[in-house]
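What follows is a short report on a single structure.
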Amino acid sequence: MSDAEEGRLERLTGMLKRRGIILPAFEIHGGAKGLYDFGPVGGRLRNKVNQAWLNHWISMGNIVEISCPTITPYAVLEASGHVGEFSDFLTDCNSCQEASRADTLLEPHHPNPDSLTKDDLQQLLSNANPQCPACGANDWSPIVAQNLMFNTTIGAGKSGRPGFLRPETAQGMFTSFSALYRHNRERLPFGAVQVGKGYRNEISPRQGMIRLREFNMAELEYFIDPEVETDHDFSQWSSIQMNLLSDNDGEITMSISSAIEKGIIRHSTVGFFMAKTFDFLTNIGIDSSKLRFRQHESDEMAHYATDCWDVEILGSYGWVECVGIAHRGCYDLEAHENATGKTLRARREFAQPKVVEIDGWTTDGATVGPAFRALAGAVKNAVEQLPSTSQFPAQITLDNGESVTVNLEHVKRVQRTESISGEWYIPHVVEPAFGIDRIIWHLLDHAYHESTKGEEEYVTLRLNESVAPVDYCVFPLFEKDGMGQMARDIHKSLCSKSATVSIYDASGSIGRRYARADEIGVPICITVDHQSLQDNTVTLRDRDSGQQSRVPIAEL
RNA sequence: GCGGAUAUGGUGAAGUGGUAUCAUAGGAGGUUUCCAACCUUUUGCCGGGGGUUCGACUCCCCCUAUCCGCACCA
C-alpha cells in the first residue's frame with residue numbers, strides 16, 4: 001500500500017468511527033480483536049444492505065427466507081465435515097495444565113489419528129494414556145474440539161451437550177431440507193436464503209472489517225435436479241463483459257453466456273448466479289470496474305465444492321474475496337443423510353414408467369433361517385444375484401468368502417413384472433455465500449470521496465440511495481420567522497413514512513450542515529428558506545452534484 | 001502463534017517525574033437570504049493492571065488493542 005493510500009485508509013476509518021458507522025466493539029473495556037459495532041449510522045446501513053439482498057433473491061419467486069439458530073449441536077457440524085476440517089482436538093494435562101493435540105499424542109498408537117472421530121480418539125487416549133511431553137505425567141482431561149469454531153455447551157451440568165456457534169448459515173438450510181421441499185410442493189428447483197451471524201475463532205483477525213470473529217453472512221442454497229439442464233435466460237447480461245480469472249485460461253473478459261459455452265464456467269446455474277450476483281453488487285453501489293470473478297483452483301476448493309467462483313472486490317486492502325459461488329454437488333444432503341439415516345431426497349418421475357422384468361431366485365425364510373442362522377442374510381443376498389437358469393443344490397460363495405451349499409428347499413422362484421414410475425435422488429446445490437461485512441466495507445471504500453473546497457479537505461460519501469442510512473436532512477436556513485417550525489414539520493412528516501429516515505439540523509452555517517450530511521452520504525438535503533414562507537416550496541440539494549431545485553412541499 | 005512499531009479530549013497531533021497544550025469537531029447563545037465564515041461561552045483526554053517513587057501520563061514489568069511483515073485462512 002502506498003503512503004497516499006494508507007493516509008486515505010486512515011482518514012476513512014477515522015471518519016467511520018467519528019460519525020458512528022463502524023467502530024471497534026467494547027472499546028471502553030479495552031476492545032476485542034475481530035469484533036466491530038455498527039454504530040447509529042452503520043446499523044441502518046447494514047440493515048438496508050441485508051434487506052436489499054433479501055429482496056434481490058426473494059423476487060425470483062421460488063426462493064424463501066428461513067432463520068435457524070446460531071447455536072448448533074456437535075452432531076450437525078460433525079456430519080457436515082466442519083468438525084474434521086475446522087477443529088483440532090485438544091486435551092489438557094491434568095498435572096501441568098499444558099494443552100496438547102490429541103492426534104499428535106496418539107501418533108505412536110495409530111497409523112492415522114487425524115482421521116479418527118472425537119469418540120474414537122477419546123477411546124484411544126483413554127486406552128493408550130500417553131505421557132505428557134511437557135511433564136511426563138499420564139493424566140489427561142477429556143478431549144475438546146477446539147480452534148476455528150467457537151465451542152459451547154448446550155444445557156447445564158451432566159445434561160449439557162457439546163455444540164458450536166455456527167461457522168456458516170448454510171447447514172440450517174440443509175437440515176430443514178424436508179420442510180423446504182414440502183413447502184415448494186415437492187418441485188425443484190427452489191432455494192432458501194438466510195441472513196445472520198456466523199462465528200469463526202480466527203487465529204489472527206486482521207485488516208479491520210475484512211477478517212472478523214463474528215460476522216454477518218447471507219447465504220442462498222439453490223437446490224437443483226442434476227439431470228435437468230436448466231435453460232437460464234442470459235439475454236439481459238449478453239452485453240456485459242465480466243472480468244474472469246479462470247483456473248485454466250487466466251484473466252479473460254467475456255460475457256457470462258460465452259464463458260458457459262466455452263466451458264470456462266462449468267455449470268450454467270453457477271453462471272446464472274454469478275450474473276445475478278453481479279446485478280446485486282452493482283445495484284447497491286459496488287464499482288463494476290473493481291469487481292472480478294476468480295475461479296478456485298482444484299486444490300484450493302473447500303471440502304464440499306466441485307466448482308467455485310469467488311467474487312473479489314478491489315479496495316484499500318487489495319482484491320478481497322466477498323462472495324463465493326460454489327457448486328456443492330450433493331455433498332451436504334448426502335452427509336446429513338448418512339449421519340442421520342433420514343431421507344433428504346427429491347423425486348423424479350420418469351416420462352414413461354420403467355417396466356422391469358424380475359426373473360430369478362430368492363430364499364425361503366422358513367428353511368434358510370434354521371439352516372444357515374447368522375449367515376441367512378448373506379445367503380439371501382447371494383441367491384438373489386443368481387441367474388434364473390441356476391440349478392439346485394448349488395455351491396455358493398458369500399460376500400465374506402465363505403462357501404455354502406444351498407438346496408432346492410431353501411429357495412423360491414421369483415417371476416413378476418414391476419412398473420417403476422420414478423426415482424428418488426439427492427438434489428445438487430448451488431450456493432452463493434456473501435460476506436456482508438466485507439461488502440459493506442467496499443461500499444464505503446468505493447463511496448468515500450475526498451476533494452477540496454477552497455482550502456479545506458471535503459469528504460463526500462457517495463452511497464447509492466438504496467443503501468444510504470439517512471434518506472433526508474431537513475435544514476431551516478435560519479431558525480427564525482417560522483422557518484424552523486416549517487422545517488420541523490417537514491422533518492416529522494418524512495419520519496412518519498415507513499422506511500424513511502430524516503435528520504433535522506439547525507446548528508451551524510448552512511454550508512457546514514451540508515458538509516455534515518455529505519460525510520455520511522445523505523442523498524438529498526431539503527432547505528427551508530425565506531421564499532418557502534411565501535409559496536410553500538423548498539430547495540432540494542443533490543449530494544453529488546450540489547445542484548438545487550425548488551419543489552412544493554406537497555410533492556415531497 | 002513469531003518479529004517490529006504504536007496507544008494523550010469525538011478526531012488529528014504536542015508535551016513533562018509535580019494531572020496536561022494545540023487544531024478540529026460537539027453543546028448553548030448571537031450573527032449571517034444557501035455550501036465546514038465570524039463572535040461569545042461551554043463540555044471533554046493520558047488503553048488496563050502491577051511495580052519503583054513523597055508523587056508516575058512520563059521510568060520498569062505484565063496484559064489488552066491497533067498497524068505492518070511472516071505463518072494461518074471455508
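In the C-alpha cells, chains take letters A, B, ... by order of appearance, with residues numbered from 1 within each chain and ligands from 1 in the order shown.
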Check which residues of chain A sit at most 8 Å from chain B using only C-alpha atoms (C1' of nucleotides), and return one row each with the closest pair of atoms and their distance in Å to one decimal, ordered by chain and rising number, as a tab-separated table.
```
residue	atom	partner	partner_atom	distance
A:Gly14	CA	B:U11	C1'	6.9
A:Met15	CA	B:U11	C1'	7.9
A:Arg18	CA	B:G10	C1'	6.1
A:Gly30	CA	B:U64	C1'	6.0
A:Gly31	CA	B:A65	C1'	5.9
A:Ala32	CA	B:A65	C1'	6.9
A:Lys33	CA	B:A65	C1'	7.2
A:Ile203	CA	B:C72	C1'	7.1
A:Ser204	CA	B:C72	C1'	7.9
A:Ala302	CA	B:A74	C1'	5.6
A:His303	CA	B:A74	C1'	7.8
A:Glu456	CA	B:A36	C1'	7.9
A:Leu477	CA	B:C34	C1'	7.3
A:Ile510	CA	B:C34	C1'	6.3
A:Gly511	CA	B:C35	C1'	3.7
A:Arg512	CA	B:A36	C1'	4.3
A:Arg513	CA	B:A36	C1'	7.8
A:Tyr514	CA	B:C35	C1'	6.3
A:Ala515	CA	B:A36	C1'	6.1
A:Asp529	CA	B:U33	C1'	7.6
A:His530	CA	B:U33	C1'	7.0
```
Output file for the residues above (C-alpha atoms, as a compact mmCIF listing (two decimals), in the first residue's frame):
```
# COMPACT_ATOMS: atom_id res chain seq x y z
CA GLY A 14 -11.28 7.73 11.34
CA MET A 15 -14.40 9.15 9.71
CA ARG A 18 -16.21 9.58 14.30
CA GLY A 30 -10.07 -2.31 26.03
CA GLY A 31 -11.68 -3.67 22.90
CA ALA A 32 -11.72 -7.16 21.43
CA LYS A 33 -9.97 -8.38 18.32
CA ILE A 203 -6.24 -17.20 14.80
CA SER A 204 -5.41 -13.68 13.77
CA ALA A 302 -13.42 -26.23 0.10
CA HIS A 303 -14.05 -29.76 1.28
CA GLU A 456 -10.38 22.66 3.12
CA LEU A 477 -31.87 28.39 6.58
CA ILE A 510 -25.85 26.10 6.04
CA GLY A 511 -22.57 25.07 4.38
CA ARG A 512 -21.45 23.26 7.48
CA ARG A 513 -24.72 21.37 7.64
CA TYR A 514 -24.40 20.29 4.01
CA ALA A 515 -20.87 19.10 4.78
CA ASP A 529 -35.68 29.49 3.22
CA HIS A 530 -37.45 32.84 3.13
```
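Neighbours of Arg187 of chain A closer than or equal to 9 Å, with only C-alpha atoms (C1' of nucleotides) counted and sequence neighbours fewer than 5 positions away skipped, come out as Tyr181, Arg182, Ala346 and Arg347 of chain A.
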DSSP on the backbone: which residues in segment 40-264 of chain A end up as alpha helix (DSSP H)? Give the answer as a PyMOL selection string. chain A and resi 42-58+74-79+82-86+102-105+118-128+170-175+177-183+256-261
List every residue of segment 118-177 of chain A that DSSP, applied to the backbone, labels as strand (DSSP E), and write the result as a PyMOL selection string. chain A and resi 144-147+151-154+161-165
Mind checking which residues fall within 12 Å of C38 of chain B, counting only C-alpha atoms (C1' of nucleotides), ignoring those fewer than 6 positions away in the same chain, and posting them as a list in words? Gly508 and Ser509 of chain A; G30, U31 and U32 of chain B
Can you list, as a ChimeraX atom specification, every protein, DNA or RNA residue that comes within 9 Å of Gly163 of chain A when you count only C-alpha atoms (C1' of nucleotides), leaving out same-chain residues fewer than 4 positions away? /A:71-77,150-154
Based on the selection just made, write N, CA, C and O atoms of those residues as a CSV table (one decimal), in the first residue's frame.
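The resulting out.csv:
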```
chain,number,residue,atom,x,y,z
A,71,ILE,N,-26.6,-21.3,17.5
A,71,ILE,CA,-26.1,-22.4,18.4
A,71,ILE,C,-26.4,-23.7,17.7
A,71,ILE,O,-27.6,-24.0,17.4
A,72,THR,N,-25.4,-24.5,17.5
A,72,THR,CA,-25.6,-25.7,16.7
A,72,THR,C,-25.0,-27.0,17.4
A,72,THR,O,-23.9,-26.9,17.8
A,73,PRO,N,-25.8,-28.0,17.5
A,73,PRO,CA,-25.3,-29.2,18.1
A,73,PRO,C,-24.1,-29.8,17.4
A,73,PRO,O,-24.0,-29.7,16.2
A,74,TYR,N,-23.2,-30.4,18.2
A,74,TYR,CA,-22.0,-31.0,17.7
A,74,TYR,C,-22.2,-31.9,16.5
A,74,TYR,O,-21.5,-31.8,15.5
A,75,ALA,N,-23.3,-32.7,16.6
A,75,ALA,CA,-23.5,-33.8,15.5
A,75,ALA,C,-23.7,-33.1,14.2
A,75,ALA,O,-23.3,-33.7,13.1
A,76,VAL,N,-24.4,-32.0,14.1
A,76,VAL,CA,-24.7,-31.3,12.8
A,76,VAL,C,-23.4,-31.0,12.1
A,76,VAL,O,-23.2,-31.2,10.9
A,77,LEU,N,-22.5,-30.4,12.9
A,77,LEU,CA,-21.3,-29.9,12.2
A,77,LEU,C,-20.2,-31.0,12.1
A,77,LEU,O,-19.3,-30.9,11.3
A,150,PHE,N,-16.3,-21.7,17.6
A,150,PHE,CA,-16.5,-21.4,19.0
A,150,PHE,C,-17.2,-22.5,19.7
A,150,PHE,O,-18.3,-22.9,19.3
A,151,ASN,N,-16.6,-23.2,20.7
A,151,ASN,CA,-17.2,-24.2,21.4
A,151,ASN,C,-18.2,-23.7,22.4
A,151,ASN,O,-18.0,-22.6,23.0
A,152,THR,N,-19.2,-24.4,22.6
A,152,THR,CA,-20.1,-24.1,23.7
A,152,THR,C,-20.8,-25.4,24.2
A,152,THR,O,-20.6,-26.4,23.7
A,153,THR,N,-21.5,-25.3,25.3
A,153,THR,CA,-22.2,-26.4,25.9
A,153,THR,C,-23.7,-26.0,25.9
A,153,THR,O,-24.1,-25.0,26.4
A,154,ILE,N,-24.5,-26.9,25.3
A,154,ILE,CA,-25.9,-26.6,25.3
A,154,ILE,C,-26.6,-27.3,26.5
A,154,ILE,O,-26.6,-28.5,26.5
```
Spatial neighbours of Gly315 of chain A, 12 Å, only C-alpha atoms (C1' of nucleotides), chain gap at least 6 places, as a VMD selection string: chain A and resid 1 5 to 6 8 to 9 207 210 286 to 287 289 to 291 321 to 322 438 to 448
Would you pick out the contacts of segment 482-499 of chain A at 7 Å or less, using only C-alpha atoms (C1' of nucleotides), so that residues sharing its chain but fewer than 5 positions from it are not included, and give the list as a short mmCIF file (atom, residue, chain, number, x, y, z; two decimals) with C-alpha atoms, in the first residue's frame?
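Written file, selection-v6.cif:
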```
data_model
loop_
_atom_site.label_atom_id
_atom_site.label_comp_id
_atom_site.auth_asym_id
_atom_site.auth_seq_id
_atom_site.Cartn_x
_atom_site.Cartn_y
_atom_site.Cartn_z
CA VAL A 474 -34.01 18.98 6.64
CA PHE A 475 -32.49 22.40 7.32
CA PRO A 476 -34.09 25.73 8.10
CA TYR A 504 -33.28 17.75 11.40
CA VAL A 528 -36.47 25.85 4.09
CA ASP A 529 -35.68 29.49 3.22
#
```
Shell around C46 of chain B at 9 Å using only C-alpha atoms (C1' of nucleotides), local window under 2 positions removed, as a ChimeraX atom specification: /B:8,20,57
Interatomic distance between atom CA of Ile436 of chain A and atom CA of Thr306 of chain A? 23.8 Å
